[in-house]
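Report on the following structure.
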Amino acid sequence: MAERQEDNVIFVGKKPSMAYVLGVITQFNNGKKEVQIKARGRAISRAVDVAEIVTRRFVTDAKVKDIQIGTEEKELEDKTKINVSTITITLEK
């Protein structure tokens with residue numbers, strides 16, 4: 001069986017922003033005090049959108065606690081390596 005991911009982490013990918021907004025709201029409604037929104041590469045702007053939509057429209061008492069940025073080295077199929085930017089936005093209620 002695969003390793004269980006932390007409950008309070010939302011990984012942002014290619015789905016519409018509102019799918020991730022719903023995930024964040026669900027975590028807060030389940031009693032979580034903190035939710036992390038993580039994204040890589042092109043999904044970073046969507047992660048920022050998710051954080052803004054949550055804090056401005058749905059969970060107005062939530063605020064951005066921390067933002068971490070970084071770079072991961074990713075190896076492609078042809079063995080070349082590229083750098084991929086990452087972001088982790090931590091929201092707290």
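Here, A, B, ... name the chains of the structure tokens in the order displayed, residue numbers run from 1 inside each chain, and ligands are numbered from 1 in the same displayed order.
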Practice prompt. Please provide as a PyMOL selection string all residues within 6 Å of segment 30-42 of chain A, with the sequence filter that same-chain residues fewer than 6 positions apart are discarded (counting only C-alpha atoms).
Written response: chain A and resi 8-12+84-93
I need the residues from that last selection saved to file as a PDB file, in the first residue's frame (with N, CA and C atoms), if you can.
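Here's the written file selection23.pdb:
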```
ATOM      1  N   ASN A   8      -3.499  17.409   5.657  1.00  0.00           N
ATOM      2  CA  ASN A   8      -3.651  18.851   5.486  1.00  0.00           C
ATOM      3  C   ASN A   8      -2.810  19.409   4.340  1.00  0.00           C
ATOM      4  N   VAL A   9      -2.422  18.573   3.376  1.00  0.00           N
ATOM      5  CA  VAL A   9      -1.645  19.035   2.228  1.00  0.00           C
ATOM      6  C   VAL A   9      -2.487  18.872   0.962  1.00  0.00           C
ATOM      7  N   ILE A  10      -2.621  19.965   0.207  1.00  0.00           N
ATOM      8  CA  ILE A  10      -3.345  19.943  -1.060  1.00  0.00           C
ATOM      9  C   ILE A  10      -2.306  20.145  -2.176  1.00  0.00           C
ATOM     10  N   PHE A  11      -2.175  19.158  -3.067  1.00  0.00           N
ATOM     11  CA  PHE A  11      -1.247  19.262  -4.192  1.00  0.00           C
ATOM     12  C   PHE A  11      -1.996  19.823  -5.395  1.00  0.00           C
ATOM     13  N   VAL A  12      -1.558  20.968  -5.892  1.00  0.00           N
ATOM     14  CA  VAL A  12      -2.233  21.638  -6.995  1.00  0.00           C
ATOM     15  C   VAL A  12      -1.627  21.157  -8.318  1.00  0.00           C
ATOM     16  N   VAL A  84      12.840  22.611 -11.587  1.00  0.00           N
ATOM     17  CA  VAL A  84      11.410  22.921 -11.506  1.00  0.00           C
ATOM     18  C   VAL A  84      11.179  23.730 -10.239  1.00  0.00           C
ATOM     19  N   SER A  85      10.558  24.895 -10.378  1.00  0.00           N
ATOM     20  CA  SER A  85      10.261  25.731  -9.223  1.00  0.00           C
ATOM     21  C   SER A  85       9.134  25.113  -8.400  1.00  0.00           C
ATOM     22  N   THR A  86       9.177  25.328  -7.089  1.00  0.00           N
ATOM     23  CA  THR A  86       8.139  24.815  -6.194  1.00  0.00           C
ATOM     24  C   THR A  86       7.676  25.928  -5.261  1.00  0.00           C
ATOM     25  N   ILE A  87       6.445  25.789  -4.767  1.00  0.00           N
ATOM     26  CA  ILE A  87       5.931  26.720  -3.770  1.00  0.00           C
ATOM     27  C   ILE A  87       5.072  25.943  -2.780  1.00  0.00           C
ATOM     28  N   THR A  88       5.164  26.334  -1.527  1.00  0.00           N
ATOM     29  CA  THR A  88       4.294  25.798  -0.477  1.00  0.00           C
ATOM     30  C   THR A  88       3.689  26.995   0.255  1.00  0.00           C
ATOM     31  N   ILE A  89       2.375  27.113   0.190  1.00  0.00           N
ATOM     32  CA  ILE A  89       1.663  28.196   0.864  1.00  0.00           C
ATOM     33  C   ILE A  89       0.922  27.567   2.053  1.00  0.00           C
ATOM     34  N   THR A  90       1.229  28.043   3.252  1.00  0.00           N
ATOM     35  CA  THR A  90       0.575  27.524   4.449  1.00  0.00           C
ATOM     36  C   THR A  90      -0.481  28.516   4.903  1.00  0.00           C
ATOM     37  N   LEU A  91      -1.727  28.043   4.969  1.00  0.00           N
ATOM     38  CA  LEU A  91      -2.829  28.856   5.458  1.00  0.00           C
ATOM     39  C   LEU A  91      -3.163  28.396   6.862  1.00  0.00           C
ATOM     40  N   GLU A  92      -3.507  29.342   7.740  1.00  0.00           N
ATOM     41  CA  GLU A  92      -3.940  28.959   9.079  1.00  0.00           C
ATOM     42  C   GLU A  92      -5.224  29.678   9.441  1.00  0.00           C
ATOM     43  N   LYS A  93      -5.989  29.032  10.292  1.00  0.00           N
ATOM     44  CA  LYS A  93      -7.283  29.568  10.690  1.00  0.00           C
ATOM     45  C   LYS A  93      -7.215  30.010  12.133  1.00  0.00           C
TER      46      LYS A  93
END
```
Practice prompt. Please identify which residues in chain A DSSP calls strand (DSSP E) from the backbone, and express them as an NGL selection string.
Written response: :A and (9-11 or 34-40 or 63-75 or 81-92)
Practice prompt. Could you please determine the separation between atom CA of Glu52 of chain A and atom CA of Thr71 of chain A in Å, to one decimal place?
Written response: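 Straight-line distance from atom CA of Glu52 of chain A to atom CA of Thr71 of chain A works out to 22.7 Å.
For Arg46 of chain A, the set of protein, DNA and RNA residues having any atom at most 9 Å away, when counting only C-alpha atoms and skipping those fewer than 3 positions along the same chain, is Val12, Gly13, Lys14, Pro16, Ser17, Ala39, Arg42, Ala43, Asp49, Val50 and Ala51 of chain A.
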May I have the selected residues written with N, CA and C atoms, as a PDB file, in the first residue's frame?
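That gives us selection_10.pdb:
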```
ATOM      1  N   VAL A  12      -1.558  20.968  -5.892  1.00  0.00           N
ATOM      2  CA  VAL A  12      -2.233  21.638  -6.995  1.00  0.00           C
ATOM      3  C   VAL A  12      -1.627  21.157  -8.318  1.00  0.00           C
ATOM      4  N   GLY A  13      -2.506  20.788  -9.242  1.00  0.00           N
ATOM      5  CA  GLY A  13      -2.074  20.306 -10.556  1.00  0.00           C
ATOM      6  C   GLY A  13      -2.849  20.993 -11.662  1.00  0.00           C
ATOM      7  N   LYS A  14      -3.458  20.183 -12.541  1.00  0.00           N
ATOM      8  CA  LYS A  14      -4.100  20.726 -13.743  1.00  0.00           C
ATOM      9  C   LYS A  14      -5.601  20.929 -13.630  1.00  0.00           C
ATOM     10  N   PRO A  16      -9.282  22.528 -12.404  1.00  0.00           N
ATOM     11  CA  PRO A  16      -9.684  23.926 -12.179  1.00  0.00           C
ATOM     12  C   PRO A  16      -9.434  24.336 -10.723  1.00  0.00           C
ATOM     13  N   SER A  17      -9.154  25.609 -10.515  1.00  0.00           N
ATOM     14  CA  SER A  17      -8.826  26.126  -9.184  1.00  0.00           C
ATOM     15  C   SER A  17      -9.873  25.763  -8.139  1.00  0.00           C
ATOM     16  N   ALA A  39       2.612  23.267  -4.943  1.00  0.00           N
ATOM     17  CA  ALA A  39       2.570  23.221  -6.405  1.00  0.00           C
ATOM     18  C   ALA A  39       3.980  23.287  -6.966  1.00  0.00           C
ATOM     19  N   ARG A  42       4.275  25.126 -13.655  1.00  0.00           N
ATOM     20  CA  ARG A  42       3.194  25.978 -14.156  1.00  0.00           C
ATOM     21  C   ARG A  42       1.993  26.053 -13.225  1.00  0.00           C
ATOM     22  N   ALA A  43       1.881  25.118 -12.293  1.00  0.00           N
ATOM     23  CA  ALA A  43       0.740  25.100 -11.369  1.00  0.00           C
ATOM     24  C   ALA A  43       0.896  26.121 -10.240  1.00  0.00           C
ATOM     25  N   ASP A  49      -3.710  31.433  -6.801  1.00  0.00           N
ATOM     26  CA  ASP A  49      -5.143  31.721  -6.986  1.00  0.00           C
ATOM     27  C   ASP A  49      -5.985  31.010  -5.935  1.00  0.00           C
ATOM     28  N   VAL A  50      -5.679  29.755  -5.676  1.00  0.00           N
ATOM     29  CA  VAL A  50      -6.428  28.974  -4.685  1.00  0.00           C
ATOM     30  C   VAL A  50      -6.331  29.634  -3.310  1.00  0.00           C
ATOM     31  N   ALA A  51      -5.128  30.010  -2.911  1.00  0.00           N
ATOM     32  CA  ALA A  51      -4.942  30.648  -1.603  1.00  0.00           C
ATOM     33  C   ALA A  51      -5.725  31.954  -1.520  1.00  0.00           C
TER      34      ALA A  51
END
```
